[in-house]
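Here the structure comes first, spelled out in structure tokens, and everything after it is commentary.
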4 protein chains.
Amino acid sequence: MIFVLKPGVSKPDLDLFIQKIEARGFKTFLSTGTDHTVVCLIGNTATIDLDAVVQTNNIVEYGKRVTEPYKAVNRTVHPEDTVVNAGGVLIGEGMFQVISGPCSVESEDQIIKVAKSVKASGATLLRGGAFKPRTSPYAFMGLQEDGLRLLLMAKRETGLPIVTEVMNQTQLPLFEDVDVIQVGARNMQNFDLLREVGRSNKPVLLKRGLANTLEELLMSAEYIMSEGNSQVILCERGIRTFETSTRNTLDLSAVPLLKQKTHLPVIVDPSHAAGLRGLVAPLARAAIAVGADGLMIETHNDPAKALCDGAQSLDLVQFNDLMDDLKLRIAFEGKLMGTA
Amino acid sequence: MIFVLKPGVSKPDLDLFIQKIEARGFKTFLSTGTDHTVVCLIGNTATIDLDAVVQTNNIVEYGKRVTEPYKAVNRTVHPEDTVVNAGGVLIGEGMFQVISGPCSVESEDQIIKVAKSVKASGATLLRGGAFKPRTSPYAFMGLQEDGLRLLLMAKRETGLPIVTEVMNQTQLPLFEDVDVIQVGARNMQNFDLLREVGRSNKPVLLKRGLANTLEELLMSAEYIMSEGNSQVILCERGIRTFETSTRNTLDLSAVPLLKQKTHLPVIVDPSHAAGLRGLVAPLARAAIAVGADGLMIETHNDPAKALCDGAQSLDLVQFNDLMDDLKLRIAFEGKLMGTA
Amino acid sequence: MIFVLKPGVSKPDLDLFIQKIEARGFKTFLSTGTDHTVVCLIGNTATIDLDAVVQTNNIVEYGKRVTEPYKAVNRTVHPEDTVVNAGGVLIGEGMFQVISGPCSVESEDQIIKVAKSVKASGATLLRGGAFKPRTSPYAFMGLQEDGLRLLLMAKRETGLPIVTEVMNQTQLPLFEDVDVIQVGARNMQNFDLLREVGRSNKPVLLKRGLANTLEELLMSAEYIMSEGNSQVILCERGIRTFETSTRNTLDLSAVPLLKQKTHLPVIVDPSHAAGLRGLVAPLARAAIAVGADGLMIETHNDPAKALCDGAQSLDLVQFNDLMDDLKLRIAFEGKLMGTA
Amino acid sequence: MIFVLKPGVSKPDLDLFIQKIEARGFKTFLSTGTDHTVVCLIGNTATIDLDAVVQTNNIVEYGKRVTEPYKAVNRTVHPEDTVVNAGGVLIGEGMFQVISGPCSVESEDQIIKVAKSVKASGATLLRGGAFKPRTSPYAFMGLQEDGLRLLLMAKRETGLPIVTEVMNQTQLPLFEDVDVIQVGARNMQNFDLLREVGRSNKPVLLKRGLANTLEELLMSAEYIMSEGNSQVILCERGIRTFETSTRNTLDLSAVPLLKQKTHLPVIVDPSHAAGLRGLVAPLARAAIAVGADGLMIETHNDPAKALCDGAQSLDLVQFNDLMDDLKLRIAFEGKLMGTA
């Protein structure tokens, strides 16, 4: 249940109203929009007489029952698009950003070279894995702390904000200078990690799990927002199906459906979805057309020698050519890139 | 295994070559391109010395082993795009067509009204179900032969070629004046039906089954082509996954992947994929951007009263608005609609 | 909606009652149990006052709304187990049958040899494919009519009733001497075929489709029963999932769930489910324990040379050893094999 | 690649051999069986001449290339069944254990009552959730540390070893007196957690993820074993498929397939798989028949009031009745329960 307050409610009036509600055993969650503040009640609201609350509290404009289990991320509660500020780059509401870089940070040379090149091609954020979740305990696990250090070096060289994955909450202190903390697909329901990134003040890029429904993705975003962090970017990256000719099946329906249900921005990762270099370009075009707020595309200076995911990485020339095409399409959609 | 012949081979030379091959126990399949004729061998070709064949037959330019189990539909065998002529409207290779109309033909009034309206909005083919496969034996099964009659009436009124579904091979004699015979998702592996439509001289629209891989779709197209009918249009319409917020999961990766593997045109049906009206427009845009050769979109003059699939049908105004947008996008891709 | 009639209702009284209901625009379906006759109404029964019908028709004991879309197959409508008589062998209600034989009938020698052997080992019905649905148009399609002829020969030699697959309704006249007509997984929603086998007086073995829900399986059985044929055996044979280490994923939960929802017998095909010989024995044991009414197990005299499905076929010694084990388990469950 | 050593190799000879191999850049992993010690090489072994190693090291009986990516868990490396000692109760190799208890520990009364009752019915281990992973941040999260304390109290009262779930590695110090640490389905690929439980000396119950293949499950077990902990129990608990009539689809084929590929014990959780109380008994029976080494069954003193998973929990009488049946079946399989 939500209560939309009249414009210009004073702080003491608001506090009094919340106090009254919480005294009845509900948790509350505040969503502050440009015009209205929305008070969202968590708990079994079946016992509340909605009309009575509206009539007896003159700061309330109207009330509404929200039946979805997610509240803070719900577009009903917060009708305007959320815009995430990722190190100065805006994600959401008419902006379109392209995050690019290698699967893993491998060396200073490599990450600086890739960063400069993707920036020149038009990417607006840099990705690179320092901590790598790998199916096998014997595979390359990333350069760990050194990888983070090299990423920050590439950020200083290029000015590109950086996006990199956290694997468990004990690593979070190392992410202080990172611009966007990525929670990977396998950790989408690592609820303790979600809570911890919810307590940070960093934008969080939350990837959909391989076998998770959109409602579960929204509930995981709700975990982050319920701890007070509303800077959440959702990412569709393919789901696991019976089809074996692609690594995963990219579910582009997820983009418009998520944008109906939530105010959070939604981006698409065509590289991990397809697992095939030749599908990255057409799927990136489709993601723009379907209404995504951004793309995450793997690039590598020498894909044949990449320490992971070489088969799906574009080389720097391929990425540059793709960006020439994508810029026209982003403009066609009436969207802007970068800092606006 | 295929043999690409030199340009300008004479009929007697060709016949002699085929005769020699068939004498060794292989079936052959001919693919005639603009420059080259390709002879495709079916059977266990492990025993054939490819180089020896090339060197001892001077009409052969080169030979190649084709490892995929599909031959006739394989782009290796037939590198140029196939263009299907559907009652004068061309599908494939730079053309983009929009098939629209109701799930079921319900009455003369309805189908004529819808046909005129979608034509005015820019649709280039008319769809409408006369024989309807339904999960329940107690549901509306379509107007059957009357439905076909009404569709043909709508064709005469508007000039739009018509596309309609056949449910079993005994119905085929009724489809003589139909422009494109649709084989539905549930019949994608009804092999006897595939053979029979392969023996007809009509274009066939073959929908991917709910749980069929792309390789299986290509093998079903191979059934049709192996009987001599090369006028096959493939249609991606969503696959069955764990996700429940959409009826099916539209697999747009299928479009570029199919176009790599086969020369046949590929269209997309966003209506059946999503099962939700609100997703038809974004998915239609994505289908254009991902490289599809056409769209199939359900429309109805009064979706709330539709005898089937009302929830996913656009009304005529919504379709008209959508077409205004799609035409700009089709032009952006450098494609043409209609008869070229 | 169903009406359960009092015991001993006379034919004229029953006819009168049905006439009154049909006059109100409903189709009816009769289910005759040992004690009670049940009249099942098909159509939108929202307008019927159930109590009024009971009170004004003294042949009616009580009425009940059935919310599932399937009626004739519903256990609510027909609480007793249906027992199917397959050429004298009883399937359902305390009986347990084992159907065995090769994927394809290949020769007179082969089918006679396999039939005699599986009979000696304890199989109670013989399977063998004459018409084979194959993914590739270039694969072996079965011996067709000759295959049927050889199967009937094996039946005469051994006395085993035979089960074999029909691929389309035009073949049905050839199945006159077949004991059980199999509708394969790919044809589970070939609705015209379902209707036709519903009009025959033969037991039908209906296999679950690769991507079909249990409700869809029941609706397909409803198609058959709605045409008057209540001799339907359901068969779980694995569904398509993301797991690649088995051909399909055998869904044994389907067995107890189907037996809750319907009165029809349910058997299990572990051979097609797993696609691996080594899993047939453990899955067969599990199928008995989970409550199935029978098994369908592929056997071959020389699996290494089988024209199809060799990898999943047991040889005759393996089948004999397995049957020794299974017989103890069938006895443990308190079930009987054969003709009772 | 593995090297199976001759019986009775001395420690210095073994150390010398390992030193030589590691000098060539390989990691090694030792598996000590009853007769033989196996040295397993991790790394790219393509450059090793297997025969040369065997011929020049007279402590080596033979060598073998292992192509699967999992080594330590591979049955090839360790042919005998691993038996896990869970607080005195043996899991694997002819033993069969039943783990039972509530989804969540709710109160002292509840857990003591349930523990005594399931023990009396024949359960040999007690389960109960203290830390609960929940899809919604607003759901009951378990009693946390208090829950662990109550479980240990129930252990003291009944003598039953306890099994409970860890949600992240920072909680591990609290699990010192727990007998078996459970890693839940959502954490199956939480690789940092796997490493940490691999460094503990506790048996680990590793549940298969909702959308994880058997190979991925084995790789996750390999993470645990590669850190030195070989006390790993695998658990099949249902996978996510398109079928909606059960919560998940229990994949019983996984049991015999895992037991072919690995020496680790495999148990089955029918409660979470089906999500329906009425399916627990038939699926438990099937799990015994298919060859599982144990069962995990949710029970509750008052399922209607359970704080989680009430719909799938048996009440104490239902569990007692089920155990009466299961004991006969365990005996039928020739297996023993308890401490042997």
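Ligands are numbered from 1 in the order shown, residues from 1 within each chain, and chains are lettered A, B, ... in the order they appear in the structure tokens.
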
Please check the contacts: residues of chain C at most 10 Å away from chain B, using only C-alpha atoms, listed as a ChimeraX atom specification. /C:27,42-43,69-70,132-139,167-170,186-195,209-212,215-227,239-242

Superposition of chain A onto chain B by least squares over all sequentially paired C-alpha atoms; the transformed chain is requested as a short mmCIF file (atom, residue, chain, number, x, y, z; two decimals) with C-alpha atoms, in the first residue's frame.
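Result went into superposed.cif, see below:
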data_model
loop_
_atom_site.label_atom_id
_atom_site.label_comp_id
_atom_site.auth_asym_id
_atom_site.auth_seq_id
_atom_site.Cartn_x
_atom_site.Cartn_y
_atom_site.Cartn_z
CA MET A 1 29.41 -32.95 -49.69
CA ILE A 2 28.77 -30.43 -52.46
CA PHE A 3 30.27 -29.82 -55.85
CA VAL A 4 30.13 -26.32 -57.27
CA LEU A 5 30.07 -26.53 -61.07
CA LYS A 6 31.76 -24.18 -63.50
CA PRO A 7 29.52 -21.52 -65.09
CA GLY A 8 27.71 -22.52 -68.27
CA VAL A 9 27.69 -26.30 -67.87
CA SER A 10 25.45 -27.95 -70.48
CA LYS A 11 22.43 -30.04 -69.50
CA PRO A 12 23.85 -33.31 -70.90
CA ASP A 13 27.15 -32.82 -69.07
CA LEU A 14 25.28 -32.12 -65.85
CA ASP A 15 23.04 -35.16 -66.28
CA LEU A 16 26.03 -37.39 -66.91
CA PHE A 17 27.79 -36.15 -63.80
CA ILE A 18 24.71 -36.71 -61.62
CA GLN A 19 24.23 -40.17 -63.11
CA LYS A 20 27.79 -41.11 -62.18
CA ILE A 21 27.30 -39.95 -58.59
CA GLU A 22 23.94 -41.62 -58.14
CA ALA A 23 25.39 -44.85 -59.51
CA ARG A 24 27.61 -44.84 -56.42
CA GLY A 25 24.55 -44.89 -54.16
CA PHE A 26 24.04 -41.22 -53.31
CA LYS A 27 20.93 -39.13 -53.63
CA THR A 28 21.60 -35.73 -55.18
CA PHE A 29 19.98 -32.37 -54.78
CA LEU A 30 20.52 -29.49 -57.24
CA SER A 31 20.74 -25.86 -56.20
CA THR A 32 20.81 -23.43 -59.10
CA GLY A 33 22.21 -20.00 -58.27
CA THR A 34 22.72 -17.00 -60.53
CA ASP A 35 26.27 -18.01 -61.52
CA HIS A 36 26.80 -21.55 -60.40
CA THR A 37 24.93 -24.80 -60.11
CA VAL A 38 25.66 -26.73 -56.94
CA VAL A 39 25.27 -30.51 -56.75
CA CYS A 40 24.64 -31.66 -53.22
CA LEU A 41 25.21 -35.32 -52.20
CA ILE A 42 23.04 -36.94 -49.55
CA GLY A 43 24.40 -40.07 -47.90
CA ASN A 44 27.57 -41.18 -46.19
CA THR A 45 30.22 -39.40 -48.24
CA ALA A 46 33.15 -40.55 -46.13
CA THR A 47 34.19 -42.96 -48.88
CA ILE A 48 34.43 -40.29 -51.59
CA ASP A 49 37.80 -38.85 -52.60
CA LEU A 50 36.80 -35.23 -53.09
CA ASP A 51 39.95 -34.21 -54.97
CA ALA A 52 39.66 -37.14 -57.33
CA VAL A 53 36.13 -36.13 -58.28
CA VAL A 54 37.21 -32.55 -58.98
CA GLN A 55 40.22 -33.61 -61.04
CA THR A 56 38.42 -36.22 -63.11
CA ASN A 57 35.32 -34.16 -63.90
CA ASN A 58 36.21 -31.00 -65.73
CA ILE A 59 32.76 -29.43 -65.23
CA VAL A 60 33.45 -29.24 -61.49
CA GLU A 61 35.04 -26.04 -60.16
CA TYR A 62 35.52 -27.24 -56.59
CA GLY A 63 34.13 -29.55 -53.94
CA LYS A 64 33.51 -29.06 -50.23
CA ARG A 65 32.42 -31.18 -47.32
CA VAL A 66 29.26 -29.86 -45.58
CA THR A 67 29.12 -31.19 -42.06
CA GLU A 68 25.70 -29.85 -41.06
CA PRO A 69 22.90 -32.40 -41.45
CA TYR A 70 20.89 -29.93 -43.54
CA LYS A 71 21.95 -29.53 -47.15
CA ALA A 72 19.33 -27.85 -49.32
CA VAL A 73 18.70 -25.09 -46.77
CA ASN A 74 22.41 -24.62 -46.06
CA ARG A 75 23.91 -21.27 -47.01
CA THR A 76 27.13 -23.05 -47.96
CA VAL A 77 25.23 -24.87 -50.69
CA HIS A 78 23.29 -21.79 -51.81
CA PRO A 79 25.15 -18.61 -50.79
CA GLU A 80 22.66 -16.09 -52.21
CA ASP A 81 19.56 -15.11 -50.24
CA THR A 82 16.41 -16.87 -51.36
CA VAL A 83 13.61 -14.46 -52.24
CA VAL A 84 10.12 -15.90 -51.79
CA ASN A 85 7.40 -14.56 -54.06
CA ALA A 86 4.21 -14.53 -52.04
CA GLY A 87 1.48 -13.58 -54.46
CA GLY A 88 3.66 -10.88 -55.99
CA VAL A 89 5.09 -9.65 -52.71
CA LEU A 90 8.79 -10.45 -52.28
CA ILE A 91 10.18 -11.75 -48.99
CA GLY A 92 13.93 -11.73 -48.39
CA GLU A 93 17.06 -9.91 -49.64
CA GLY A 94 16.45 -6.28 -48.90
CA MET A 95 12.66 -6.47 -48.86
CA PHE A 96 10.69 -6.21 -45.62
CA GLN A 97 7.05 -7.29 -45.39
CA VAL A 98 4.45 -6.94 -42.68
CA ILE A 99 1.79 -9.64 -42.44
CA SER A 100 -1.20 -8.58 -40.39
CA GLY A 101 -4.74 -9.63 -39.58
CA PRO A 102 -6.80 -11.39 -36.94
CA CYS A 103 -6.01 -14.61 -35.13
CA SER A 104 -9.26 -16.07 -36.51
CA VAL A 105 -11.48 -15.10 -39.38
CA GLU A 106 -14.79 -14.50 -37.60
CA SER A 107 -17.15 -13.00 -40.19
CA GLU A 108 -17.19 -11.35 -43.61
CA ASP A 109 -17.58 -7.93 -42.01
CA GLN A 110 -14.69 -8.48 -39.66
CA ILE A 111 -12.14 -9.78 -42.14
CA ILE A 112 -12.97 -7.21 -44.82
CA LYS A 113 -12.80 -4.39 -42.32
CA VAL A 114 -9.49 -5.55 -40.86
CA ALA A 115 -8.02 -6.24 -44.31
CA LYS A 116 -8.84 -2.78 -45.64
CA SER A 117 -7.55 -1.13 -42.52
CA VAL A 118 -4.23 -2.96 -42.27
CA LYS A 119 -3.66 -2.40 -45.97
CA ALA A 120 -4.23 1.32 -45.53
CA SER A 121 -1.78 1.26 -42.61
CA GLY A 122 0.89 -0.38 -44.78
CA ALA A 123 0.61 -4.13 -44.22
CA THR A 124 1.59 -6.04 -47.35
CA LEU A 125 0.03 -9.45 -46.62
CA LEU A 126 -3.12 -10.50 -44.79
CA ARG A 127 -3.20 -13.26 -42.20
CA GLY A 128 -6.27 -14.91 -40.69
CA GLY A 129 -6.92 -18.33 -39.20
CA ALA A 130 -9.56 -20.55 -40.76
CA PHE A 131 -8.44 -23.82 -39.15
CA LYS A 132 -7.35 -23.12 -35.58
CA PRO A 133 -5.30 -25.52 -33.45
CA ARG A 134 -6.63 -25.17 -29.91
CA THR A 135 -5.44 -26.79 -26.69
CA SER A 136 -9.01 -27.56 -25.64
CA PRO A 137 -11.44 -29.64 -27.74
CA TYR A 138 -14.18 -27.33 -26.52
CA ALA A 139 -12.67 -24.06 -27.83
CA PHE A 140 -13.56 -22.22 -31.04
CA MET A 141 -11.89 -24.11 -33.93
CA GLY A 142 -12.20 -21.45 -36.62
CA LEU A 143 -14.75 -21.15 -39.42
CA GLN A 144 -12.93 -23.88 -41.37
CA GLU A 145 -13.77 -23.86 -45.11
CA ASP A 146 -16.00 -20.80 -44.66
CA GLY A 147 -13.04 -19.02 -43.14
CA LEU A 148 -10.94 -19.76 -46.22
CA ARG A 149 -13.74 -18.47 -48.46
CA LEU A 150 -13.94 -15.20 -46.49
CA LEU A 151 -10.19 -14.76 -46.62
CA LEU A 152 -10.24 -15.09 -50.40
CA MET A 153 -13.03 -12.53 -50.50
CA ALA A 154 -10.83 -10.13 -48.48
CA LYS A 155 -8.00 -10.80 -50.90
CA ARG A 156 -10.20 -9.87 -53.86
CA GLU A 157 -11.32 -6.69 -52.09
CA THR A 158 -7.83 -5.49 -51.11
CA GLY A 159 -5.35 -7.25 -53.36
CA LEU A 160 -3.41 -8.41 -50.30
CA PRO A 161 -1.93 -11.90 -50.68
CA ILE A 162 -3.13 -14.19 -47.88
CA VAL A 163 -1.35 -16.36 -45.34
CA THR A 164 -3.27 -19.02 -43.45
CA GLU A 165 -2.55 -22.16 -41.47
CA VAL A 166 -3.04 -25.75 -42.58
CA MET A 167 -3.58 -28.28 -39.80
CA ASN A 168 -3.22 -31.56 -41.67
CA GLN A 169 -2.41 -32.73 -45.15
CA THR A 170 -5.95 -33.77 -46.04
CA GLN A 171 -6.88 -30.06 -46.04
CA LEU A 172 -4.31 -29.09 -48.67
CA PRO A 173 -6.65 -29.29 -51.69
CA LEU A 174 -8.62 -26.44 -50.08
CA PHE A 175 -5.53 -24.21 -50.08
CA GLU A 176 -5.25 -23.86 -53.87
CA ASP A 177 -5.90 -20.12 -53.92
CA VAL A 178 -4.02 -19.33 -50.75
CA ASP A 179 -0.75 -17.44 -51.33
CA VAL A 180 1.28 -18.68 -48.36
CA ILE A 181 0.55 -21.88 -46.45
CA GLN A 182 1.44 -21.60 -42.79
CA VAL A 183 2.71 -24.62 -40.85
CA GLY A 184 2.14 -23.80 -37.19
CA ALA A 185 4.52 -24.22 -34.28
CA ARG A 186 2.82 -27.42 -33.05
CA ASN A 187 3.20 -28.96 -36.52
CA MET A 188 6.86 -28.06 -37.04
CA GLN A 189 7.76 -31.72 -36.68
CA ASN A 190 4.66 -33.17 -38.34
CA PHE A 191 6.93 -34.70 -40.94
CA ASP A 192 4.22 -36.09 -43.21
CA LEU A 193 2.64 -32.65 -43.42
CA LEU A 194 6.04 -31.12 -44.21
CA ARG A 195 6.51 -33.56 -47.08
CA GLU A 196 3.08 -32.76 -48.49
CA VAL A 197 3.58 -28.98 -48.43
CA GLY A 198 6.98 -29.72 -49.97
CA ARG A 199 5.15 -31.30 -52.90
CA SER A 200 2.92 -28.24 -53.39
CA ASN A 201 4.09 -25.24 -55.36
CA LYS A 202 3.07 -22.71 -52.72
CA PRO A 203 5.31 -20.65 -50.46
CA VAL A 204 5.36 -22.15 -46.97
CA LEU A 205 5.65 -20.15 -43.74
CA LEU A 206 7.24 -22.54 -41.22
CA LYS A 207 6.97 -21.53 -37.57
CA ARG A 208 9.53 -22.67 -35.04
CA GLY A 209 8.14 -25.11 -32.49
CA LEU A 210 7.87 -24.06 -28.86
CA ALA A 211 10.72 -26.29 -27.78
CA ASN A 212 12.63 -26.81 -30.98
CA THR A 213 16.21 -25.89 -31.60
CA LEU A 214 17.29 -23.89 -34.61
CA GLU A 215 18.89 -27.00 -36.07
CA GLU A 216 15.57 -28.83 -35.83
CA LEU A 217 13.82 -25.91 -37.52
CA LEU A 218 16.33 -26.10 -40.36
CA MET A 219 15.85 -29.86 -40.64
CA SER A 220 12.09 -29.31 -40.94
CA ALA A 221 12.70 -26.78 -43.71
CA GLU A 222 14.96 -29.39 -45.28
CA TYR A 223 11.98 -31.79 -45.36
CA ILE A 224 10.04 -29.25 -47.43
CA MET A 225 12.96 -28.43 -49.75
CA SER A 226 13.90 -32.08 -50.20
CA GLU A 227 10.53 -32.56 -51.90
CA GLY A 228 11.32 -29.79 -54.34
CA ASN A 229 9.70 -26.71 -52.80
CA SER A 230 12.29 -24.04 -52.10
CA GLN A 231 9.81 -21.27 -51.26
CA VAL A 232 10.18 -21.52 -47.47
CA ILE A 233 9.94 -18.65 -44.99
CA LEU A 234 11.13 -19.34 -41.43
CA CYS A 235 9.37 -17.68 -38.49
CA GLU A 236 10.66 -17.14 -34.95
CA ARG A 237 7.67 -16.88 -32.59
CA GLY A 238 9.04 -17.48 -29.11
CA ILE A 239 10.19 -20.54 -27.22
CA ARG A 240 9.02 -22.09 -23.99
CA THR A 241 11.19 -21.27 -20.99
CA PHE A 242 10.82 -21.01 -17.22
CA GLU A 243 9.84 -17.30 -17.46
CA THR A 244 6.12 -16.82 -16.82
CA SER A 245 5.67 -13.07 -17.30
CA THR A 246 5.47 -13.53 -21.08
CA ARG A 247 3.64 -16.33 -22.88
CA ASN A 248 6.89 -17.38 -24.56
CA THR A 249 10.42 -15.99 -24.72
CA LEU A 250 11.13 -14.39 -28.09
CA ASP A 251 14.56 -15.60 -29.20
CA LEU A 252 15.81 -12.78 -31.40
CA SER A 253 19.28 -14.31 -31.58
CA ALA A 254 17.62 -16.85 -33.82
CA VAL A 255 17.33 -14.30 -36.63
CA PRO A 256 21.01 -13.51 -37.26
CA LEU A 257 22.00 -17.10 -36.49
CA LEU A 258 19.51 -18.53 -38.99
CA LYS A 259 20.59 -16.01 -41.59
CA GLN A 260 24.19 -17.17 -41.16
CA LYS A 261 23.25 -20.81 -41.57
CA THR A 262 20.61 -20.64 -44.29
CA HIS A 263 19.65 -18.64 -47.36
CA LEU A 264 15.95 -18.70 -46.45
CA PRO A 265 14.17 -15.54 -45.28
CA VAL A 266 13.35 -15.21 -41.58
CA ILE A 267 10.44 -13.30 -40.10
CA VAL A 268 9.33 -12.65 -36.52
CA ASP A 269 5.94 -12.95 -34.82
CA PRO A 270 6.06 -10.72 -31.72
CA SER A 271 2.34 -11.18 -30.96
CA HIS A 272 2.46 -14.90 -30.18
CA ALA A 273 5.87 -14.60 -28.56
CA ALA A 274 4.89 -12.12 -25.91
CA GLY A 275 1.18 -12.75 -25.62
CA LEU A 276 0.90 -9.16 -24.39
CA ARG A 277 -0.24 -6.24 -26.54
CA GLY A 278 2.11 -3.80 -24.81
CA LEU A 279 5.21 -5.71 -25.94
CA VAL A 280 4.33 -5.98 -29.62
CA ALA A 281 5.66 -2.56 -30.60
CA PRO A 282 9.10 -2.76 -28.87
CA LEU A 283 9.64 -6.32 -30.06
CA ALA A 284 8.65 -5.40 -33.62
CA ARG A 285 11.22 -2.59 -33.55
CA ALA A 286 13.85 -4.99 -32.25
CA ALA A 287 13.03 -7.53 -34.94
CA ILE A 288 13.66 -4.95 -37.65
CA ALA A 289 16.96 -3.94 -36.05
CA VAL A 290 18.16 -7.51 -35.58
CA GLY A 291 17.85 -8.16 -39.31
CA ALA A 292 14.50 -9.92 -39.83
CA ASP A 293 12.91 -9.95 -43.30
CA GLY A 294 9.43 -9.31 -42.03
CA LEU A 295 6.90 -9.28 -39.22
CA MET A 296 3.65 -11.06 -38.49
CA ILE A 297 1.44 -8.97 -36.22
CA GLU A 298 -2.02 -9.84 -34.96
CA THR A 299 -4.67 -7.14 -35.30
CA HIS A 300 -8.38 -7.14 -34.58
CA ASN A 301 -11.13 -4.61 -35.06
CA ASP A 302 -12.30 -5.24 -31.49
CA PRO A 303 -9.67 -7.14 -29.48
CA ALA A 304 -11.86 -7.28 -26.37
CA LYS A 305 -14.36 -9.44 -28.28
CA ALA A 306 -11.85 -11.52 -30.29
CA LEU A 307 -12.68 -15.24 -30.33
CA CYS A 308 -9.01 -15.99 -29.68
CA ASP A 309 -5.79 -14.25 -28.63
CA GLY A 310 -7.48 -10.95 -27.80
CA ALA A 311 -4.87 -10.07 -25.19
CA GLN A 312 -2.09 -9.91 -27.72
CA SER A 313 -3.95 -8.30 -30.64
CA LEU A 314 -3.50 -4.64 -31.52
CA ASP A 315 -6.57 -2.70 -32.47
CA LEU A 316 -6.59 -1.03 -35.88
CA VAL A 317 -5.53 2.38 -34.60
CA GLN A 318 -2.67 0.91 -32.56
CA PHE A 319 -1.50 -0.99 -35.63
CA ASN A 320 -1.68 2.13 -37.77
CA ASP A 321 0.38 4.10 -35.26
CA LEU A 322 2.90 1.28 -35.01
CA MET A 323 3.26 1.10 -38.78
CA ASP A 324 4.05 4.84 -38.95
CA ASP A 325 6.97 4.15 -36.66
CA LEU A 326 8.03 0.89 -38.31
CA LYS A 327 8.14 2.42 -41.79
CA LEU A 328 10.81 4.87 -40.64
CA ARG A 329 12.82 2.01 -39.20
CA ILE A 330 12.49 -0.16 -42.29
CA ALA A 331 13.75 2.80 -44.32
CA PHE A 332 16.60 3.29 -41.83
CA GLU A 333 17.70 -0.28 -42.53
CA GLY A 334 17.65 0.47 -46.24
CA LYS A 335 14.88 -2.02 -46.94
CA LEU A 336 11.80 -1.78 -49.15
CA MET A 337 8.26 -2.99 -48.61
CA GLY A 338 5.78 -4.50 -51.08
CA THR A 339 6.49 -5.58 -54.62
CA ALA A 340 9.70 -3.56 -55.11
#

From region 246-288 of chain C, collect each residue whose DSSP state is helix (DSSP H, G or I) and return the set as number ranges by chain. C: 254-261, 270-274, 277-288
